[in-house]
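Asker: What follows is target.tsv, made up of TSV, C-alpha atoms and all ligand atoms:
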```
chain	number	residue	atom	x	y	z
A	18	MET	CA	107.91	94.42	120.17
A	19	ARG	CA	109.32	93.16	116.89
A	20	ILE	CA	110.88	89.71	117.17
A	21	PRO	CA	114.18	89.72	115.26
A	22	VAL	CA	114.51	87.38	112.30
A	23	ILE	CA	117.77	85.86	111.13
A	24	ALA	CA	117.20	84.08	107.82
A	25	GLY	CA	119.77	82.14	105.83
A	26	ASN	CA	119.42	82.18	102.07
A	27	TRP	CA	121.39	79.22	100.81
A	28	LYS	CA	120.86	80.23	97.17
A	29	LEU	CA	121.97	77.57	94.66
A	30	PHE	CA	124.16	75.66	97.11
A	31	LYS	CA	123.87	72.45	99.13
A	32	ASN	CA	122.48	69.21	97.79
A	33	GLN	CA	120.39	67.06	100.13
A	34	ALA	CA	123.28	65.50	102.05
A	35	ASP	CA	125.13	68.81	102.43
A	36	ALA	CA	121.98	70.68	103.44
A	37	ALA	CA	121.13	68.04	106.05
A	38	ALA	CA	124.70	68.18	107.40
A	39	LEU	CA	124.65	71.97	107.57
A	40	VAL	CA	121.41	72.14	109.51
A	41	ALA	CA	122.45	69.24	111.75
A	42	GLY	CA	125.52	71.29	112.66
A	43	LEU	CA	123.42	74.39	113.24
A	44	ILE	CA	120.81	72.86	115.54
A	45	PRO	CA	123.00	72.43	118.65
A	46	LEU	CA	124.52	75.89	118.19
A	47	VAL	CA	121.16	77.68	118.28
A	48	LYS	CA	118.98	75.35	120.34
A	49	ASP	CA	119.08	77.59	123.41
A	50	THR	CA	118.52	80.81	121.48
A	51	VAL	CA	115.26	82.46	122.41
A	52	GLY	CA	113.64	85.61	121.09
A	53	VAL	CA	115.01	85.21	117.57
A	54	GLU	CA	113.10	83.72	114.65
A	55	ILE	CA	115.56	81.46	112.83
A	56	VAL	CA	114.86	80.58	109.21
A	57	VAL	CA	116.81	78.58	106.61
A	58	SER	CA	116.11	78.52	102.88
A	59	PRO	CA	117.53	75.54	100.99
A	60	VAL	CA	116.98	74.79	97.31
A	61	PHE	CA	113.66	73.08	96.58
A	62	THR	CA	115.19	69.62	96.30
A	63	SER	CA	116.80	69.88	99.75
A	64	LEU	CA	113.65	71.06	101.55
A	65	SER	CA	112.57	67.62	102.69
A	66	ALA	CA	116.04	66.63	103.94
A	67	VAL	CA	116.18	69.81	106.02
A	68	ARG	CA	112.58	69.46	107.17
A	69	GLU	CA	113.36	66.06	108.64
A	70	LYS	CA	116.25	67.46	110.68
A	71	ILE	CA	114.54	70.59	112.00
A	72	CYS	CA	111.36	68.87	113.14
A	73	GLY	CA	110.82	69.85	116.80
A	74	THR	CA	113.57	72.51	116.78
A	75	ASN	CA	113.44	76.32	116.80
A	76	ILE	CA	114.44	76.52	113.10
A	77	LYS	CA	111.88	77.33	110.43
A	78	LEU	CA	111.90	76.34	106.77
A	79	SER	CA	111.68	78.69	103.81
A	80	ALA	CA	111.83	78.33	100.05
A	81	GLN	CA	113.60	80.83	97.82
A	82	ASN	CA	110.82	81.47	95.31
A	83	CYS	CA	107.35	80.38	94.27
A	84	TYR	CA	104.87	80.88	91.44
A	85	TRP	CA	101.54	82.65	91.86
A	86	GLU	CA	99.21	79.98	90.49
A	87	GLU	CA	97.96	77.15	92.68
A	88	GLU	CA	98.36	74.55	89.93
A	89	GLY	CA	98.11	74.17	86.17
A	90	ALA	CA	100.17	73.86	83.03
A	91	PHE	CA	103.18	75.85	84.25
A	92	THR	CA	106.13	73.57	83.67
A	93	GLY	CA	108.94	74.02	86.11
A	94	GLU	CA	107.08	76.16	88.63
A	95	ILE	CA	106.18	75.50	92.27
A	96	ALA	CA	102.95	76.66	93.90
A	97	PRO	CA	102.89	78.26	97.36
A	98	GLY	CA	100.54	75.55	98.65
A	99	MET	CA	103.07	72.94	97.58
A	100	LEU	CA	105.70	74.71	99.68
A	101	VAL	CA	103.38	74.51	102.67
A	102	ASP	CA	102.94	70.83	101.86
A	103	ALA	CA	106.74	70.49	101.84
A	104	GLY	CA	106.96	71.96	105.35
A	105	CYS	CA	107.72	75.59	104.57
A	106	SER	CA	106.41	78.41	106.72
A	107	HIS	CA	108.25	81.14	104.80
A	108	VAL	CA	109.19	81.98	101.22
A	109	ILE	CA	111.65	84.54	99.90
A	110	ILE	CA	110.12	86.62	97.12
A	111	GLY	CA	111.65	89.11	94.71
A	112	HIS	CA	115.29	88.56	95.59
A	113	SER	CA	117.49	90.85	93.50
A	114	GLU	CA	119.01	87.82	91.78
A	115	ARG	CA	115.55	86.84	90.61
A	116	ARG	CA	114.83	90.38	89.48
A	117	GLN	CA	118.21	90.57	87.71
A	118	TYR	CA	118.49	87.10	86.10
A	119	PHE	CA	114.91	85.84	85.87
A	120	GLY	CA	112.99	88.92	84.81
A	121	GLU	CA	110.97	89.42	87.98
A	122	THR	CA	109.26	92.78	88.19
A	123	ASN	CA	107.36	94.63	90.88
A	124	GLU	CA	104.17	93.27	89.27
A	125	THR	CA	105.20	89.60	89.32
A	126	VAL	CA	106.61	90.03	92.82
A	127	ASN	CA	103.25	91.44	93.90
A	128	LYS	CA	101.39	88.44	92.45
A	129	LYS	CA	103.77	86.05	94.20
A	130	ILE	CA	103.41	87.78	97.56
A	131	LYS	CA	99.62	87.67	97.32
A	132	ALA	CA	99.68	83.99	96.39
A	133	ALA	CA	102.12	83.16	99.18
A	134	LEU	CA	99.99	84.94	101.78
A	135	LYS	CA	96.86	83.23	100.50
A	136	ALA	CA	98.56	79.86	101.01
A	137	GLY	CA	99.46	80.83	104.58
A	138	LEU	CA	103.16	81.47	104.06
A	139	VAL	CA	105.14	84.35	105.50
A	140	ALA	CA	106.60	86.29	102.57
A	141	ILE	CA	110.15	87.60	102.90
A	142	PHE	CA	109.82	90.42	100.40
A	143	CYS	CA	113.18	91.62	99.03
A	144	ILE	CA	113.92	95.11	97.80
A	145	GLY	CA	117.11	97.02	97.13
A	146	GLU	CA	118.87	99.43	94.81
A	147	THR	CA	121.78	98.72	92.48
A	148	LEU	CA	125.07	100.61	92.71
A	149	GLU	CA	124.15	102.54	89.58
A	150	GLN	CA	120.85	103.62	91.11
A	151	ARG	CA	122.53	104.62	94.38
A	152	GLU	CA	125.17	106.66	92.56
A	153	ALA	CA	122.46	108.37	90.51
A	154	ASP	CA	120.73	109.33	93.79
A	155	LYS	CA	117.75	107.16	92.93
A	156	THR	CA	117.81	104.88	95.98
A	157	PHE	CA	114.68	106.24	97.60
A	158	ASP	CA	112.71	106.42	94.33
A	159	VAL	CA	113.60	102.82	93.49
A	160	LEU	CA	112.66	101.60	96.95
A	161	ARG	CA	109.39	103.54	96.90
A	162	ASP	CA	108.47	101.90	93.57
A	163	GLN	CA	109.45	98.47	94.83
A	164	VAL	CA	107.48	98.83	98.06
A	165	ASN	CA	104.39	100.34	96.43
A	166	GLY	CA	104.48	97.90	93.51
A	167	GLY	CA	105.27	94.81	95.55
A	168	LEU	CA	102.63	95.51	98.18
A	169	ALA	CA	99.87	96.85	95.90
A	170	GLY	CA	96.48	95.62	97.06
A	171	ILE	CA	97.85	94.00	100.22
A	172	THR	CA	95.88	94.91	103.34
A	173	ALA	CA	97.32	95.96	106.69
A	174	ALA	CA	96.09	92.65	108.15
A	175	ASP	CA	97.95	90.72	105.44
A	176	LEU	CA	101.07	92.77	106.01
A	177	ALA	CA	101.43	91.06	109.39
A	178	LYS	CA	102.62	88.05	107.38
A	179	VAL	CA	105.17	90.03	105.35
A	180	ILE	CA	108.80	90.58	106.32
A	181	ILE	CA	110.67	93.15	104.25
A	182	ALA	CA	114.32	92.47	103.44
A	183	TYR	CA	116.35	95.48	102.33
A	184	GLU	CA	119.32	94.21	100.37
A	185	PRO	CA	121.36	96.83	98.54
A	186	VAL	CA	122.46	94.95	95.43
A	187	TRP	CA	125.96	96.43	95.66
A	188	ALA	CA	126.42	94.83	99.08
A	189	ILE	CA	125.40	91.30	98.09
A	190	GLY	CA	128.29	88.86	97.96
A	191	THR	CA	130.75	91.72	97.56
A	192	GLY	CA	132.00	91.98	101.13
A	193	LYS	CA	130.77	95.61	101.09
A	194	THR	CA	128.22	96.04	103.84
A	195	ALA	CA	126.17	99.19	104.02
A	196	SER	CA	127.37	101.05	107.07
A	197	ASP	CA	125.10	100.86	110.10
A	198	ASP	CA	124.12	104.47	109.38
A	199	GLN	CA	123.39	103.84	105.70
A	200	ALA	CA	121.27	100.81	106.54
A	201	GLN	CA	119.42	102.54	109.37
A	202	GLU	CA	118.65	105.52	107.13
A	203	VAL	CA	117.07	103.29	104.49
A	204	HIS	CA	115.21	101.13	107.01
A	205	ALA	CA	113.70	104.23	108.61
A	206	PHE	CA	112.70	105.43	105.15
A	207	ILE	CA	111.01	102.09	104.38
A	208	ARG	CA	109.16	102.13	107.70
A	209	GLY	CA	108.05	105.66	106.86
A	210	LEU	CA	106.71	104.45	103.50
A	211	ILE	CA	104.66	101.78	105.28
A	212	ALA	CA	103.36	104.37	107.75
A	213	GLY	CA	102.29	106.55	104.82
A	214	GLU	CA	100.63	103.75	102.84
A	215	TYR	CA	99.12	102.04	105.89
A	216	ASP	CA	99.33	103.47	109.41
A	217	GLN	CA	101.76	103.93	112.30
A	218	ALA	CA	100.83	100.70	114.09
A	219	THR	CA	101.38	98.64	110.93
A	220	ALA	CA	104.71	100.38	110.32
A	221	ALA	CA	105.79	99.82	113.91
A	222	ALA	CA	104.97	96.11	113.67
A	223	ILE	CA	106.60	95.15	110.37
A	224	ARG	CA	110.03	93.52	110.51
A	225	ILE	CA	112.63	94.98	108.14
A	226	LEU	CA	115.74	92.84	107.65
A	227	TYR	CA	119.06	93.95	106.26
A	228	GLY	CA	120.93	91.79	103.76
A	229	GLY	CA	124.30	92.13	102.07
A	230	SER	CA	127.56	90.68	103.41
A	231	VAL	CA	126.21	90.23	106.94
A	232	LYS	CA	128.69	88.35	109.12
A	233	PRO	CA	129.13	87.58	112.82
A	234	GLU	CA	131.54	90.54	112.95
A	235	ASN	CA	129.14	93.19	111.66
A	236	VAL	CA	125.74	91.92	112.81
A	237	LYS	CA	125.84	93.47	116.28
A	238	GLY	CA	126.29	97.00	114.96
A	239	LEU	CA	123.46	96.56	112.46
A	240	MET	CA	121.14	95.02	115.06
A	241	SER	CA	121.77	97.87	117.48
A	242	ARG	CA	119.98	100.25	115.11
A	243	PRO	CA	116.34	100.95	115.89
A	244	ASP	CA	114.82	100.05	112.51
A	245	ILE	CA	116.93	96.99	111.72
A	246	ASP	CA	115.03	93.89	112.82
A	247	GLY	CA	117.23	91.11	111.55
A	248	ALA	CA	119.27	89.87	108.64
A	249	LEU	CA	118.91	87.93	105.42
A	250	VAL	CA	122.24	86.17	105.11
A	251	GLY	CA	123.79	84.59	102.03
A	252	GLY	CA	127.41	83.44	102.16
A	253	ALA	CA	127.74	83.42	105.93
A	254	SER	CA	124.69	81.16	106.25
A	255	LEU	CA	126.46	78.32	104.44
A	256	LYS	CA	128.53	77.41	107.49
A	257	ALA	CA	126.91	76.43	110.77
A	258	ASP	CA	129.31	78.35	112.99
A	259	SER	CA	129.15	81.64	111.11
A	260	PHE	CA	125.36	81.50	110.78
A	261	ALA	CA	125.04	80.63	114.47
A	262	GLY	CA	127.32	83.57	115.24
A	263	ILE	CA	124.81	85.82	113.48
A	264	VAL	CA	121.75	84.18	115.05
A	265	ASN	CA	123.37	84.61	118.47
A	266	PHE	CA	124.13	88.31	117.90
A	267	GLY	CA	122.68	89.15	121.29
A	268	LYS	CA	124.88	86.77	123.28
B	1	LIG	P1	125.56	87.73	101.06
B	1	LIG	O1	125.30	87.64	102.54
B	1	LIG	O2	126.37	86.60	100.52
B	1	LIG	O3	126.08	89.09	100.67
B	1	LIG	O4	124.13	87.59	100.34
B	1	LIG	C1	123.07	88.37	100.76
B	1	LIG	C2	121.84	87.88	100.13
B	1	LIG	O5	121.64	88.01	98.94
B	1	LIG	C3	120.86	87.18	100.99
B	1	LIG	O6	119.65	87.03	100.34
```
What would you get if you wrote out this structure as structure tokens?

Answerer:
Amino acid sequence: MRIPVIAGNWKLFKNQADAAALVAGLIPLVKDTVGVEIVVSPVFTSLSAVREKICGTNIKLSAQNCYWEEEGAFTGEIAPGMLVDAGCSHVIIGHSERRQYFGETNETVNKKIKAALKAGLVAIFCIGETLEQREADKTFDVLRDQVNGGLAGITAADLAKVIIAYEPVWAIGTGKTASDDQAQEVHAFIRGLIAGEYDQATAAAIRILYGGSVKPENVKGLMSRPDIDGALVGGASLKADSFAGIVNFGK
């Protein structure tokens, strides 16, 4: 049984006061929700404000990025162990915005995942094709490279601490969601890749989230598909009621 994950990626929004207010509004709306792993990912500087609020609740804390070294002369970076110290259980790695604007590659993503796992974090490993790649019929090649590159050298045991997030870049922040069929097709393909690289049991156990314009209105259809195990939500996670509407997809 794969426990569904609904994760909010707050991106570069919400200072400390706004982040604390958002999560304070969310807590009562999801407090009775069982059987769903609920994760929020504020900016680094709002982690502690959110941590204070979610203490003792069913909401988990994630960061949006980390570096792969534990410490050293790396100005501006944050180590995975420091995220654990800040109360994080999860970290998003390899988001398409980081690949697109900050030069992240399958190799650097791989280093970050390994470092995150070593520190005891759950890695939310993001993959996804651009519109150009989809139109050139390269979706499956791109995803295969991203999965093989990102997970190189990671054992089946370590994969238990990895959540894959499939986010087609053309569906992020555009209001264009992949159809339930399109998403299911890709999720099944990704699970097949894991079965090929690892084994059936590992593939059956890994959670694969969908991301890209997920809203309360479209989450049910996505979640009804066999290989879609949750959502990584951007815009709709910035309001307590819409995020709660996604978290409570089963109600
Ligand atoms: P939107 O939900 O705003 O499309 O963003 C998706 C995303 O990038 C989550 O990581």

Asker: Please identify the residues whose atoms come within 9 Å of ligand LIG 1 (chain B), using only C-alpha atoms and all ligand atoms, and report them as a PyMOL selection string.

Answerer: chain A and resi 24-28+109+112-114+143+182+184-194+227-232+248-254

Asker: Identify, on the basis of all atoms listed in the file, every residue whose closest approach to Ser196 in chain A does not exceed 10 Å; exclude the query and any residue fewer than 4 positions from it along the same chain; express the result as a PyMOL selection string.

Answerer: chain A and resi 200-202+235+238-239

Asker: Tell me, in Å to one decimal, how far CA of Ile263 in chain A is from CA of Gln199 in chain A.

Answerer: 19.7 Å

Asker: In Å, how far is it from CA of Val264 in chain A to CA of Leu160 in chain A?

Answerer: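 Answer for the CA of Val264 in chain A to CA of Leu160 in chain A separation: 26.7 Å.
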
Asker: Go through A:Gly104, A:Gly145, A:Gly120, A:Gly167 and flag the residue nearest Val57 in chain A, using all atoms listed in the file for the distances.

Answerer: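 Between A:Gly104, A:Gly145, A:Gly120, A:Gly167, the residue approaching Val57 in chain A most closely is A:Gly104.
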
Asker: Have a look at A:Glu69, A:Ala96, A:Ile245, A:Leu255 and name the one nearest to Leu138 in chain A; count all atoms listed in the file.

Answerer: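 Under the stated criterion, the closest residue is A:Ala96.
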
Asker: Can you list, as a ChimeraX atom specification, every protein, DNA or RNA residue that comes within 7 Å of range 122-125 of chain A when you count all atoms listed in the file, leaving out same-chain residues fewer than 5 positions away?

Answerer: /A:116,163,166-167

Asker: Counting only C-alpha atoms, write as a PDB file with C-alpha atoms, in the coordinates of the input all protein and nucleic acid residues lying at most 7 Å from (101.1, 79.5, 89.9) in the file's frame.

Answerer:
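File point25.pdb, as written:
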```pdb
ATOM      1  CA  TYR A  84     104.870  80.880  91.440  1.00  0.00           C
ATOM      2  CA  TRP A  85     101.540  82.650  91.860  1.00  0.00           C
ATOM      3  CA  GLU A  86      99.210  79.980  90.490  1.00  0.00           C
ATOM      4  CA  GLU A  87      97.960  77.150  92.680  1.00  0.00           C
ATOM      5  CA  GLU A  88      98.360  74.550  89.930  1.00  0.00           C
ATOM      6  CA  GLU A  94     107.080  76.160  88.630  1.00  0.00           C
ATOM      7  CA  ILE A  95     106.180  75.500  92.270  1.00  0.00           C
ATOM      8  CA  ALA A  96     102.950  76.660  93.900  1.00  0.00           C
TER       9      ALA A  96
END
```

Asker: Could you give me, as a PDB file with C-alpha atoms, keeping the file's coordinate frame, the residues that have an atom at most 10 Å away from the point (111.7, 94.5, 114.6) in the coordinates of the file, using all atoms listed in the file?

Answerer:
```pdb
ATOM      1  CA  MET A  18     107.910  94.420 120.170  1.00  0.00           C
ATOM      2  CA  ARG A  19     109.320  93.160 116.890  1.00  0.00           C
ATOM      3  CA  ILE A  20     110.880  89.710 117.170  1.00  0.00           C
ATOM      4  CA  PRO A  21     114.180  89.720 115.260  1.00  0.00           C
ATOM      5  CA  VAL A  22     114.510  87.380 112.300  1.00  0.00           C
ATOM      6  CA  ILE A 180     108.800  90.580 106.320  1.00  0.00           C
ATOM      7  CA  ALA A 221     105.790  99.820 113.910  1.00  0.00           C
ATOM      8  CA  ALA A 222     104.970  96.110 113.670  1.00  0.00           C
ATOM      9  CA  ILE A 223     106.600  95.150 110.370  1.00  0.00           C
ATOM     10  CA  ARG A 224     110.030  93.520 110.510  1.00  0.00           C
ATOM     11  CA  ILE A 225     112.630  94.980 108.140  1.00  0.00           C
ATOM     12  CA  LEU A 226     115.740  92.840 107.650  1.00  0.00           C
ATOM     13  CA  MET A 240     121.140  95.020 115.060  1.00  0.00           C
ATOM     14  CA  PRO A 243     116.340 100.950 115.890  1.00  0.00           C
ATOM     15  CA  ASP A 244     114.820 100.050 112.510  1.00  0.00           C
ATOM     16  CA  ILE A 245     116.930  96.990 111.720  1.00  0.00           C
ATOM     17  CA  ASP A 246     115.030  93.890 112.820  1.00  0.00           C
ATOM     18  CA  GLY A 247     117.230  91.110 111.550  1.00  0.00           C
TER      19      GLY A 247
END
```

Asker: Have a look at A:Gly73, A:Ala140, A:Ala132, A:Val126 and name the one nearest to Ser106 in chain A; count only C-alpha atoms.

Answerer: A:Ala140

Asker: For range 126-157 of chain A, supply N, CA and C atoms and report the output as an mmCIF file, keeping the file's coordinate frame.

Answerer:
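Ended up saving to part03.cif:
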```cif
data_model
loop_
_atom_site.group_PDB
_atom_site.id
_atom_site.type_symbol
_atom_site.label_atom_id
_atom_site.label_comp_id
_atom_site.auth_asym_id
_atom_site.auth_seq_id
_atom_site.Cartn_x
_atom_site.Cartn_y
_atom_site.Cartn_z
ATOM 1 N N VAL A 126 106.319 90.176 91.389
ATOM 2 C CA VAL A 126 106.610 90.030 92.820
ATOM 3 C C VAL A 126 105.318 90.217 93.620
ATOM 4 N N ASN A 127 104.529 91.185 93.242
ATOM 5 C CA ASN A 127 103.250 91.440 93.900
ATOM 6 C C ASN A 127 102.315 90.224 93.813
ATOM 7 N N LYS A 128 102.250 89.630 92.622
ATOM 8 C CA LYS A 128 101.390 88.440 92.450
ATOM 9 C C LYS A 128 101.876 87.300 93.335
ATOM 10 N N LYS A 129 103.196 87.146 93.400
ATOM 11 C CA LYS A 129 103.770 86.050 94.200
ATOM 12 C C LYS A 129 103.513 86.275 95.692
ATOM 13 N N ILE A 130 103.657 87.515 96.139
ATOM 14 C CA ILE A 130 103.410 87.780 97.560
ATOM 15 C C ILE A 130 101.956 87.465 97.901
ATOM 16 N N LYS A 131 101.049 87.924 97.051
ATOM 17 C CA LYS A 131 99.620 87.670 97.320
ATOM 18 C C LYS A 131 99.335 86.167 97.375
ATOM 19 N N ALA A 132 99.914 85.444 96.432
ATOM 20 C CA ALA A 132 99.680 83.990 96.390
ATOM 21 C C ALA A 132 100.281 83.307 97.612
ATOM 22 N N ALA A 133 101.462 83.758 98.007
ATOM 23 C CA ALA A 133 102.120 83.160 99.180
ATOM 24 C C ALA A 133 101.288 83.391 100.431
ATOM 25 N N LEU A 134 100.795 84.617 100.596
ATOM 26 C CA LEU A 134 99.990 84.940 101.780
ATOM 27 C C LEU A 134 98.698 84.129 101.783
ATOM 28 N N LYS A 135 98.108 83.996 100.609
ATOM 29 C CA LYS A 135 96.860 83.230 100.500
ATOM 30 C C LYS A 135 97.073 81.777 100.938
ATOM 31 N N ALA A 136 98.252 81.250 100.638
ATOM 32 C CA ALA A 136 98.560 79.860 101.010
ATOM 33 C C ALA A 136 98.953 79.740 102.483
ATOM 34 N N GLY A 137 99.116 80.875 103.162
ATOM 35 C CA GLY A 137 99.460 80.830 104.580
ATOM 36 C C GLY A 137 100.942 80.961 104.877
ATOM 37 N N LEU A 138 101.721 81.293 103.848
ATOM 38 C CA LEU A 138 103.160 81.470 104.060
ATOM 39 C C LEU A 138 103.469 82.887 104.532
ATOM 40 N N VAL A 139 104.580 83.025 105.221
ATOM 41 C CA VAL A 139 105.140 84.350 105.500
ATOM 42 C C VAL A 139 106.017 84.700 104.301
ATOM 43 N N ALA A 140 105.807 85.875 103.737
ATOM 44 C CA ALA A 140 106.600 86.290 102.570
ATOM 45 C C ALA A 140 107.761 87.159 103.024
ATOM 46 N N ILE A 141 108.971 86.766 102.652
ATOM 47 C CA ILE A 141 110.150 87.600 102.900
ATOM 48 C C ILE A 141 110.387 88.374 101.600
ATOM 49 N N PHE A 142 109.918 89.591 101.602
ATOM 50 C CA PHE A 142 109.820 90.420 100.400
ATOM 51 C C PHE A 142 111.092 91.265 100.256
ATOM 52 N N CYS A 143 111.860 90.979 99.189
ATOM 53 C CA CYS A 143 113.180 91.620 99.030
ATOM 54 C C CYS A 143 113.113 92.858 98.135
ATOM 55 N N ILE A 144 113.792 93.887 98.584
ATOM 56 C CA ILE A 144 113.920 95.110 97.800
ATOM 57 C C ILE A 144 115.373 95.598 97.912
ATOM 58 N N GLY A 145 115.746 96.488 97.035
ATOM 59 C CA GLY A 145 117.110 97.020 97.130
ATOM 60 C C GLY A 145 117.535 97.682 95.839
ATOM 61 N N GLU A 146 118.405 98.674 95.975
ATOM 62 C CA GLU A 146 118.870 99.430 94.810
ATOM 63 C C GLU A 146 120.208 98.890 94.318
ATOM 64 N N THR A 147 120.477 99.087 93.037
ATOM 65 C CA THR A 147 121.780 98.720 92.480
ATOM 66 C C THR A 147 122.773 99.864 92.769
ATOM 67 N N LEU A 148 124.036 99.577 92.508
ATOM 68 C CA LEU A 148 125.070 100.610 92.710
ATOM 69 C C LEU A 148 124.801 101.809 91.795
ATOM 70 N N GLU A 149 124.438 101.494 90.553
ATOM 71 C CA GLU A 149 124.150 102.540 89.580
ATOM 72 C C GLU A 149 123.025 103.456 90.073
ATOM 73 N N GLN A 150 121.984 102.835 90.601
ATOM 74 C CA GLN A 150 120.850 103.620 91.110
ATOM 75 C C GLN A 150 121.255 104.447 92.326
ATOM 76 N N ARG A 151 122.081 103.860 93.206
ATOM 77 C CA ARG A 151 122.530 104.620 94.380
ATOM 78 C C ARG A 151 123.363 105.823 93.931
ATOM 79 N N GLU A 152 124.277 105.563 92.990
ATOM 80 C CA GLU A 152 125.170 106.660 92.560
ATOM 81 C C GLU A 152 124.400 107.754 91.825
ATOM 82 N N ALA A 153 123.281 107.371 91.200
ATOM 83 C CA ALA A 153 122.460 108.370 90.510
ATOM 84 C C ALA A 153 121.439 109.005 91.468
ATOM 85 N N ASP A 154 121.622 108.757 92.777
ATOM 86 C CA ASP A 154 120.730 109.330 93.790
ATOM 87 C C ASP A 154 119.279 108.878 93.645
ATOM 88 N N LYS A 155 119.114 107.650 93.174
ATOM 89 C CA LYS A 155 117.750 107.160 92.930
ATOM 90 C C LYS A 155 117.290 106.150 93.976
ATOM 91 N N THR A 156 118.122 105.930 95.002
ATOM 92 C CA THR A 156 117.810 104.880 95.980
ATOM 93 C C THR A 156 116.380 104.976 96.506
ATOM 94 N N PHE A 157 115.998 106.141 96.953
ATOM 95 C CA PHE A 157 114.680 106.240 97.600
ATOM 96 C C PHE A 157 113.532 106.102 96.594
#
```
